[in-house]
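Text of final.txt, listed as compact mmCIF, C-alpha atoms (C1' of nucleotides):
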```txt
# COMPACT_ATOMS: atom_id res chain seq x y z
CA MET L 615 64.41 59.60 -6.85
CA PRO L 616 68.09 60.17 -7.59
CA THR L 617 67.54 61.64 -11.05
CA VAL L 618 64.46 62.97 -12.77
CA LYS L 619 63.95 62.36 -16.47
CA LEU L 620 61.78 65.03 -18.06
CA ALA L 621 60.79 64.75 -21.72
CA THR L 622 58.98 66.91 -24.23
CA TYR L 623 57.16 65.22 -27.08
CA ASN L 624 55.07 66.74 -29.86
CA ILE L 625 52.78 63.79 -30.33
CA ASN L 626 50.85 65.05 -33.37
CA GLY L 627 47.45 63.70 -32.37
CA ILE L 628 47.07 61.86 -29.08
CA ARG L 629 44.34 59.59 -30.41
CA ALA L 630 46.30 58.56 -33.49
CA ARG L 631 49.40 58.12 -31.31
CA GLN L 632 47.99 56.62 -28.12
CA ALA L 633 49.53 53.16 -28.52
CA ARG L 634 52.91 54.68 -29.39
CA LEU L 635 52.76 56.99 -26.40
CA LEU L 636 51.99 54.17 -23.97
CA GLU L 637 54.81 52.01 -25.41
CA TRP L 638 57.27 54.83 -25.02
CA LEU L 639 56.14 55.55 -21.42
CA GLU L 640 56.62 51.89 -20.59
CA ARG L 641 60.04 51.58 -22.19
CA GLU L 642 61.66 54.87 -21.15
CA ALA L 643 59.71 55.53 -17.95
CA PRO L 644 60.15 59.33 -17.98
CA ASP L 645 59.20 60.94 -14.68
CA ILE L 646 57.64 64.03 -16.22
CA VAL L 647 56.32 64.42 -19.75
CA CYS L 648 55.26 67.52 -21.67
CA LEU L 649 53.04 66.75 -24.65
CA GLN L 650 52.06 69.06 -27.48
CA GLU L 651 49.62 68.87 -30.37
CA LEU L 652 47.05 66.66 -28.69
CA LYS L 653 44.62 67.61 -31.50
CA ALA L 654 41.72 66.58 -29.29
CA ASN L 655 39.23 68.19 -26.98
CA ASP L 656 39.38 67.73 -23.21
CA ALA L 657 36.92 64.84 -23.14
CA ALA L 658 38.98 62.80 -25.63
CA PHE L 659 42.10 62.74 -23.45
CA PRO L 660 42.93 59.07 -22.64
CA LEU L 661 43.27 59.60 -18.89
CA ASN L 662 42.48 56.03 -17.83
CA GLU L 663 45.10 54.49 -20.11
CA ILE L 664 47.73 56.96 -18.94
CA ARG L 665 46.79 56.42 -15.29
CA ALA L 666 47.14 52.69 -15.82
CA LYS L 667 50.81 53.32 -16.65
CA GLY L 668 51.23 55.08 -13.31
CA TYR L 669 50.94 58.71 -14.40
CA SER L 670 48.84 61.59 -13.22
CA ALA L 671 47.96 64.16 -15.85
CA ARG L 672 46.83 67.72 -16.52
CA TRP L 673 45.85 68.86 -19.97
CA VAL L 674 44.36 71.70 -21.96
CA GLY L 675 42.63 70.33 -25.01
CA GLN L 676 41.14 71.91 -28.11
CA VAL L 677 39.15 70.54 -31.04
CA SER L 678 41.37 69.66 -34.01
CA TRP L 679 44.39 71.77 -33.20
CA ASN L 680 47.00 72.44 -30.54
CA GLY L 681 46.46 71.05 -27.05
CA VAL L 682 49.14 70.48 -24.38
CA ALA L 683 49.49 68.15 -21.42
CA VAL L 684 51.83 67.32 -18.55
CA LEU L 685 52.17 63.81 -17.13
CA ALA L 686 53.94 62.90 -13.89
CA ARG L 687 54.82 59.39 -12.79
CA GLY L 688 53.66 58.72 -9.25
CA ALA L 689 53.51 62.40 -8.36
CA GLU L 690 50.91 65.09 -7.87
CA ILE L 691 50.63 67.87 -10.44
CA LYS L 692 49.72 71.33 -9.18
CA GLU L 693 48.42 73.67 -11.83
CA ARG L 694 49.80 77.22 -12.07
CA HIS L 695 48.58 78.50 -15.46
CA ARG L 696 46.31 77.01 -18.12
CA ALA L 697 47.26 79.69 -20.65
CA LEU L 698 50.18 81.97 -21.36
CA PRO L 699 49.48 85.22 -19.50
CA GLY L 700 49.23 88.47 -21.44
CA ASP L 701 46.30 88.08 -23.83
CA ALA L 702 42.92 86.94 -22.57
CA SER L 703 41.59 86.87 -26.14
CA ASP L 704 44.06 84.15 -27.22
CA SER L 705 41.93 81.02 -27.59
CA HIS L 706 44.68 78.54 -28.61
CA SER L 707 45.58 75.79 -26.14
CA ARG L 708 49.34 76.21 -26.21
CA TYR L 709 50.57 76.64 -22.66
CA LEU L 710 50.31 74.74 -19.41
CA GLU L 711 52.41 75.62 -16.38
CA VAL L 712 52.49 73.27 -13.42
CA GLU L 713 54.51 72.33 -10.37
CA VAL L 714 55.67 68.78 -9.63
CA ASN L 715 57.58 68.11 -6.40
CA GLY L 716 58.75 71.72 -6.28
CA LEU L 717 59.85 71.79 -9.92
CA ILE L 718 58.04 74.35 -12.07
CA VAL L 719 57.33 72.96 -15.53
CA ALA L 720 56.12 75.13 -18.39
CA CYS L 721 54.86 73.02 -21.29
CA LEU L 722 54.52 75.10 -24.44
CA TYR L 723 53.59 74.82 -28.08
CA LEU L 724 54.76 77.95 -29.81
CA PRO L 725 52.84 78.89 -32.98
CA ASN L 726 54.32 77.58 -36.23
CA GLY L 727 53.91 80.93 -37.99
CA ASN L 728 53.64 79.79 -41.60
CA PRO L 729 52.99 81.16 -44.10
CA GLN L 730 55.32 84.06 -43.58
CA PRO L 731 54.81 86.97 -43.77
CA GLY L 732 51.18 87.19 -42.71
CA PRO L 733 48.83 87.14 -39.73
CA LYS L 734 50.03 83.71 -38.57
CA PHE L 735 53.61 84.92 -38.41
CA ASP L 736 52.49 88.06 -36.55
CA TYR L 737 50.67 85.82 -34.09
CA LYS L 738 53.83 83.74 -33.63
CA LEU L 739 55.96 86.78 -32.81
CA ALA L 740 53.31 88.25 -30.51
CA TRP L 741 53.07 84.92 -28.68
CA PHE L 742 56.87 84.83 -28.40
CA GLU L 743 56.91 88.33 -26.90
CA ARG L 744 54.38 87.25 -24.29
CA LEU L 745 56.51 84.19 -23.52
CA ILE L 746 59.64 86.31 -23.11
CA LYS L 747 57.79 88.61 -20.76
CA HIS L 748 56.41 85.79 -18.67
CA ALA L 749 59.70 83.86 -18.69
CA LYS L 750 61.45 86.86 -17.15
CA SER L 751 59.51 86.25 -13.96
CA LEU L 752 60.61 82.59 -13.95
CA VAL L 753 64.27 82.72 -14.90
CA ALA L 754 65.41 84.29 -11.65
CA SER L 755 63.15 82.16 -9.46
CA LYS L 756 64.77 80.40 -6.53
CA GLN L 757 62.62 77.46 -7.48
CA PRO L 758 63.88 75.23 -10.30
CA VAL L 759 62.08 76.00 -13.56
CA ILE L 760 62.08 74.29 -16.95
CA LEU L 761 60.55 75.58 -20.18
CA ALA L 762 59.91 72.55 -22.37
CA GLY L 763 58.15 72.18 -25.66
CA ASP L 764 57.93 72.66 -29.37
CA PHE L 765 59.29 76.18 -29.88
CA ASN L 766 58.97 76.04 -33.67
CA VAL L 767 62.33 77.79 -33.96
CA VAL L 768 65.51 76.47 -35.55
CA PRO L 769 67.97 78.51 -33.45
CA THR L 770 70.82 78.58 -36.00
CA ASP L 771 71.69 77.15 -39.41
CA PHE L 772 73.63 74.46 -37.57
CA ASP L 773 70.33 73.18 -36.15
CA ILE L 774 69.01 71.98 -39.51
CA TYR L 775 70.29 69.45 -42.07
CA ASP L 776 70.35 72.11 -44.79
CA PRO L 777 68.77 75.56 -44.54
CA THR L 778 68.63 76.10 -48.33
CA HIS L 779 65.02 75.08 -48.89
CA TRP L 780 63.83 76.51 -45.58
CA ARG L 781 64.97 80.12 -45.93
CA LYS L 782 61.43 81.44 -46.26
CA ASP L 783 60.03 79.22 -43.53
CA ALA L 784 58.80 80.86 -40.33
CA LEU L 785 61.00 78.50 -38.28
CA LEU L 786 64.20 80.07 -39.64
CA GLN L 787 63.25 83.72 -39.87
CA PRO L 788 65.67 86.21 -38.25
CA GLU L 789 62.72 87.57 -36.20
CA SER L 790 61.97 84.10 -34.80
CA ARG L 791 65.62 83.48 -34.01
CA GLU L 792 66.05 86.88 -32.44
CA CYS L 793 63.19 86.13 -30.06
CA TYR L 794 64.74 82.79 -29.11
CA GLU L 795 68.11 84.45 -28.53
CA ARG L 796 66.53 87.16 -26.43
CA LEU L 797 64.80 84.49 -24.35
CA LEU L 798 68.08 82.61 -23.79
CA LYS L 799 69.85 85.84 -22.84
CA GLN L 800 67.58 86.15 -19.82
CA GLY L 801 69.73 83.33 -18.45
CA TRP L 802 68.11 80.11 -19.71
CA LEU L 803 70.28 77.11 -20.54
CA ASP L 804 69.55 75.29 -23.81
CA SER L 805 70.05 71.75 -22.44
CA LEU L 806 70.38 69.76 -25.64
CA ARG L 807 72.84 72.17 -27.24
CA HIS L 808 74.78 72.48 -23.99
CA LYS L 809 75.25 68.72 -23.78
CA HIS L 810 76.01 68.33 -27.49
CA PRO L 811 78.04 71.31 -28.66
CA GLY L 812 79.19 70.88 -32.22
CA GLU L 813 76.86 67.97 -32.94
CA LYS L 814 74.10 67.97 -35.53
CA ILE L 815 71.21 66.83 -33.40
CA PHE L 816 67.57 66.89 -34.48
CA THR L 817 64.17 66.49 -32.85
CA PHE L 818 61.85 66.74 -35.87
CA TRP L 819 61.83 65.19 -39.33
CA ASP L 820 58.82 66.07 -41.46
CA TYR L 821 56.88 63.43 -43.35
CA PHE L 822 57.96 64.72 -46.73
CA ARG L 823 60.65 63.54 -49.09
CA ASN L 824 61.91 60.68 -46.97
CA HIS L 825 63.38 63.11 -44.46
CA TRP L 826 63.56 60.64 -41.58
CA LYS L 827 65.40 57.97 -43.58
CA ARG L 828 67.85 60.63 -44.75
CA ASN L 829 68.19 62.10 -41.25
CA ALA L 830 67.17 65.45 -42.74
CA GLY L 831 65.91 66.95 -39.51
CA LEU L 832 65.48 70.13 -37.53
CA ARG L 833 66.10 70.97 -33.87
CA ILE L 834 62.95 72.75 -32.73
CA ASP L 835 61.99 71.01 -29.46
CA HIS L 836 63.84 72.66 -26.61
CA LEU L 837 64.35 72.21 -22.87
CA LEU L 838 65.46 75.42 -21.16
CA LEU L 839 66.62 75.48 -17.54
CA ASN L 840 66.61 78.48 -15.25
CA LYS L 841 69.63 79.43 -13.14
CA THR L 842 68.50 77.41 -10.16
CA LEU L 843 68.01 74.25 -12.19
CA ALA L 844 70.92 74.50 -14.65
CA PRO L 845 73.60 73.19 -12.23
CA HIS L 846 71.55 70.00 -11.84
CA LEU L 847 71.55 69.11 -15.55
CA HIS L 848 72.95 65.62 -15.93
CA ASP L 849 72.23 64.60 -19.51
CA SER L 850 70.07 65.46 -22.51
CA ASN L 851 69.18 63.58 -25.67
CA VAL L 852 66.55 62.42 -28.16
CA ASP L 853 64.68 59.10 -28.15
CA ARG L 854 65.22 58.58 -31.85
CA TRP L 855 63.86 55.04 -31.85
CA VAL L 856 60.37 56.46 -31.37
CA ARG L 857 60.60 58.34 -34.68
CA ASP L 858 61.58 55.14 -36.45
CA GLN L 859 58.37 53.31 -35.55
CA GLU L 860 55.56 52.75 -37.98
CA GLY L 861 52.94 55.44 -37.57
CA ALA L 862 55.31 57.71 -35.63
CA SER L 863 54.84 61.40 -34.92
CA ASP L 864 57.08 63.66 -36.98
CA HIS L 865 58.80 64.66 -33.70
CA ALA L 866 60.82 62.44 -31.36
CA PRO L 867 60.75 62.72 -27.55
CA THR L 868 63.52 65.01 -26.36
CA TRP L 869 64.64 64.82 -22.75
CA VAL L 870 66.85 65.89 -19.89
CA THR L 871 67.91 64.05 -16.78
CA LEU L 872 68.20 66.23 -13.70
CA SER L 873 69.96 65.36 -10.47
CA ILE L 874 67.50 66.67 -7.95
CA GLY L 875 67.13 65.67 -4.34
CA ASP L 876 70.33 63.76 -3.60
CA LYS L 877 72.83 66.60 -3.90
CA PRO L 878 75.26 64.73 -6.17
CA LYS L 879 77.15 67.93 -6.97
CA ARG L 880 78.31 68.31 -3.39
CA LYS L 881 79.45 64.70 -3.15
CA ALA L 882 81.31 65.05 -6.42
CA ALA L 883 82.95 68.24 -5.22
CA LYS L 884 84.10 66.56 -1.96
CA LYS L 885 85.58 63.65 -3.89
CA ALA L 886 87.43 66.02 -6.19
CA VAL L 887 88.87 67.87 -3.22
CA LYS L 888 90.08 64.58 -1.67
CA LYS L 889 91.75 63.52 -4.91
CA THR L 890 93.55 66.82 -5.26
CA ALA L 891 94.68 66.65 -1.65
CA ALA L 892 96.03 63.13 -2.17
CA LYS L 893 98.01 64.17 -5.20
CA LYS L 894 99.73 66.94 -3.33
CA SER L 895 100.23 65.00 -0.11
CA PRO L 896 103.75 65.35 1.39
CA ALA L 897 104.39 61.59 1.08
CA LYS L 898 103.78 61.60 -2.63
CA LYS L 899 105.84 64.75 -3.02
CA ALA L 900 108.73 63.08 -1.27
CA ALA L 901 108.38 59.98 -3.44
CA ARG L 902 108.49 62.11 -6.52
CA ALA L 903 111.55 63.97 -5.27
CA LYS L 904 113.43 60.65 -4.77
CA ARG L 905 113.10 59.75 -8.44
C1' DA H 925 54.75 73.69 -56.47
C1' DT H 926 55.53 69.63 -54.25
C1' DG H 927 55.83 65.98 -50.77
C1' DT H 928 52.76 63.25 -46.05
C1' DC H 929 50.08 62.82 -42.19
C1' DC H 930 46.22 64.14 -38.85
C1' DC H 931 41.99 66.28 -38.17
C1' DA H 932 36.85 67.85 -38.93
C1' DC H 933 33.02 67.60 -41.50
C1' DC H 934 30.84 65.12 -43.41
C1' DG H 935 28.94 61.19 -45.20
C1' DC H 936 34.23 57.75 -47.28
C1' DG H 937 36.27 62.47 -50.19
C1' DT H 938 37.96 67.02 -49.49
C1' DG H 939 40.32 71.07 -47.36
C1' DG H 940 43.03 73.22 -43.52
C1' DG H 941 47.16 73.02 -40.78
C1' DA H 942 51.82 71.66 -40.10
```
Please render this file's structure as structure tokens.
Amino acid sequence: MPTVKLATYNINGIRARQARLLEWLEREAPDIVCLQELKANDAAFPLNEIRAKGYSARWVGQVSWNGVAVLARGAEIKERHRALPGDASDSHSRYLEVEVNGLIVACLYLPNGNPQPGPKFDYKLAWFERLIKHAKSLVASKQPVILAGDFNVVPTDFDIYDPTHWRKDALLQPESRECYERLLKQGWLDSLRHKHPGEKIFTFWDYFRNHWKRNAGLRIDHLLLNKTLAPHLHDSNVDRWVRDQEGASDHAPTWVTLSIGDKPKRKAAKKAVKKTAAKKSPAKKAARAKR
DNA sequence: ATGTCCCACCGCGTGGGA
């Protein structure tokens, strides 16, 4: 494949959202999908329906809460981790790390952390520290790596419609943001922000107060590329139409396209060199001198 | 404090989580 489209989508209940998920898969045909908030145990995962759309799948379910999955269209998924390393006592299904055609994909659902302060916020920060530690081993990998998921962090005040009413929320706390910054500083590229500098762009609009209709959103679903993968980033955006559907999740699928396998960068570089050479060719120079 | 939606546990209404 010339480009790979990889999306992350907090589905908010895979059973409640199954029809919507299948429609989206059909219409957008992403190659790799990271899902969060399955809110279902392993046995309830709709494998047959997803297979029928041409996808293989790995998932880590849990009754009621959390739950993550990776889907891959027409490709094998090799499992690397079914949990975030660093705390064997952590029972939440929030992390699934796999490999698809040589690409390492970490699908994550970072704890929300509300109410703050309190044990849930402590758990969020502890989970973040474990992620930072584990990510350090991935960022410098010669293999391409992507961290994709619901990070439950609004990186800056620019990443929310209006921070006023969210100041006390765990998603905006300085501690949460500091963790995210520290993660990025390892060398990860924030794809969506990189492709849309200076643009208010959101991935989540809660169900309250008509937030979707007012485009009062937050950017909390992120796709981070390691140094090997970053040069292959082609595009990044949000499938907003999914959020507009009846019975939609409060998140919209957020995606990157990656040019992997056909070395488009090299071709582009060669072309650029040819153009430059043509401009400065002696014939043209002479023509210019005549004028 | 509130708004809405999804889930479990019940047993069709309520409480937890986001």
Please find the residues of chain L near chain H - the criterion being any atom within 9 Å, counting all atoms listed in the file - and write them as a PDB file with C-alpha atoms, in the coordinates of the input.
```
ATOM      1  CA  ASN L 626      50.850  65.050 -33.370  1.00  0.00           C
ATOM      2  CA  GLY L 627      47.450  63.700 -32.370  1.00  0.00           C
ATOM      3  CA  ALA L 630      46.300  58.560 -33.490  1.00  0.00           C
ATOM      4  CA  LYS L 653      44.620  67.610 -31.500  1.00  0.00           C
ATOM      5  CA  ALA L 654      41.720  66.580 -29.290  1.00  0.00           C
ATOM      6  CA  VAL L 677      39.150  70.540 -31.040  1.00  0.00           C
ATOM      7  CA  SER L 678      41.370  69.660 -34.010  1.00  0.00           C
ATOM      8  CA  TRP L 679      44.390  71.770 -33.200  1.00  0.00           C
ATOM      9  CA  ASN L 726      54.320  77.580 -36.230  1.00  0.00           C
ATOM     10  CA  ASN L 728      53.640  79.790 -41.600  1.00  0.00           C
ATOM     11  CA  ASP L 820      58.820  66.070 -41.460  1.00  0.00           C
ATOM     12  CA  TYR L 821      56.880  63.430 -43.350  1.00  0.00           C
ATOM     13  CA  PHE L 822      57.960  64.720 -46.730  1.00  0.00           C
ATOM     14  CA  ARG L 823      60.650  63.540 -49.090  1.00  0.00           C
ATOM     15  CA  ASN L 824      61.910  60.680 -46.970  1.00  0.00           C
ATOM     16  CA  SER L 863      54.840  61.400 -34.920  1.00  0.00           C
ATOM     17  CA  ASP L 864      57.080  63.660 -36.980  1.00  0.00           C
TER      18      ASP L 864
END
```
### Message
As an exercise, work out the distance from atom CA of Val870 of chain L to atom CA of Val852 of chain L in Å and give it to one decimal place.
### Response
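We find that atom CA of Val870 of chain L and atom CA of Val852 of chain L lie 9.0 Å from each other.
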Set the distance at 9 Å and use all atoms listed in the file: which residues neighbour Phe818 of chain L once local chain neighbours fewer than 4 positions away are removed? I'd like the list as a PDB file with C-alpha atoms, keeping the file's coordinate frame.
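part19.pdb, freshly written:
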```pdb
ATOM      1  CA  TRP L 826      63.560  60.640 -41.580  1.00  0.00           C
ATOM      2  CA  ALA L 830      67.170  65.450 -42.740  1.00  0.00           C
ATOM      3  CA  GLY L 831      65.910  66.950 -39.510  1.00  0.00           C
ATOM      4  CA  LEU L 832      65.480  70.130 -37.530  1.00  0.00           C
ATOM      5  CA  ARG L 833      66.100  70.970 -33.870  1.00  0.00           C
ATOM      6  CA  ILE L 834      62.950  72.750 -32.730  1.00  0.00           C
ATOM      7  CA  ASP L 835      61.990  71.010 -29.460  1.00  0.00           C
ATOM      8  CA  ARG L 857      60.600  58.340 -34.680  1.00  0.00           C
ATOM      9  CA  SER L 863      54.840  61.400 -34.920  1.00  0.00           C
ATOM     10  CA  ASP L 864      57.080  63.660 -36.980  1.00  0.00           C
ATOM     11  CA  HIS L 865      58.800  64.660 -33.700  1.00  0.00           C
ATOM     12  CA  ALA L 866      60.820  62.440 -31.360  1.00  0.00           C
TER      13      ALA L 866
END
```
### Query
Between atom CA of Asp645 of chain L and atom CA of Gly668 of chain L, what is the distance, to one decimal in Å?
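Straight-line distance from atom CA of Asp645 of chain L to atom CA of Gly668 of chain L works out to 10.0 Å.
For the residues L:Asp776, L:Ala844, L:Leu739, L:Val674, ranking by smallest atom-to-atom distance to His825 of chain L using only C-alpha atoms places L:Asp776 first.
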## Note on the structure
From atom CA of Ala621 of chain L to atom CA of Ala862 of chain L the spacing works out at 16.5 Å
### Query
Leaving out Leu839 of chain L and any residue of its chain fewer than 5 positions from it, which residues lie within 7 Å of it when counting all atoms listed in the file, given as a PyMOL selection string?
chain L and resi 759-761+802-804+844
Please return the centre and edge lengths, in Å to one decimal, of a box with edges along x, y and z that contains all listed atoms of segment 709-712 of chain L, widened by 6 Å on every side, as JSON.
```
{"center_x": 51.4, "center_y": 75.0, "center_z": -18.0, "size_x": 14.2, "size_y": 15.4, "size_z": 21.2}
```
### Query
Excluding same-chain residues fewer than 6 positions from Ala740 of chain L, what lies within 10 Å of it counting only C-alpha atoms (C1' of nucleotides), as JSON, numbers by chain?
{"L": [700, 701, 725, 734, 746]}
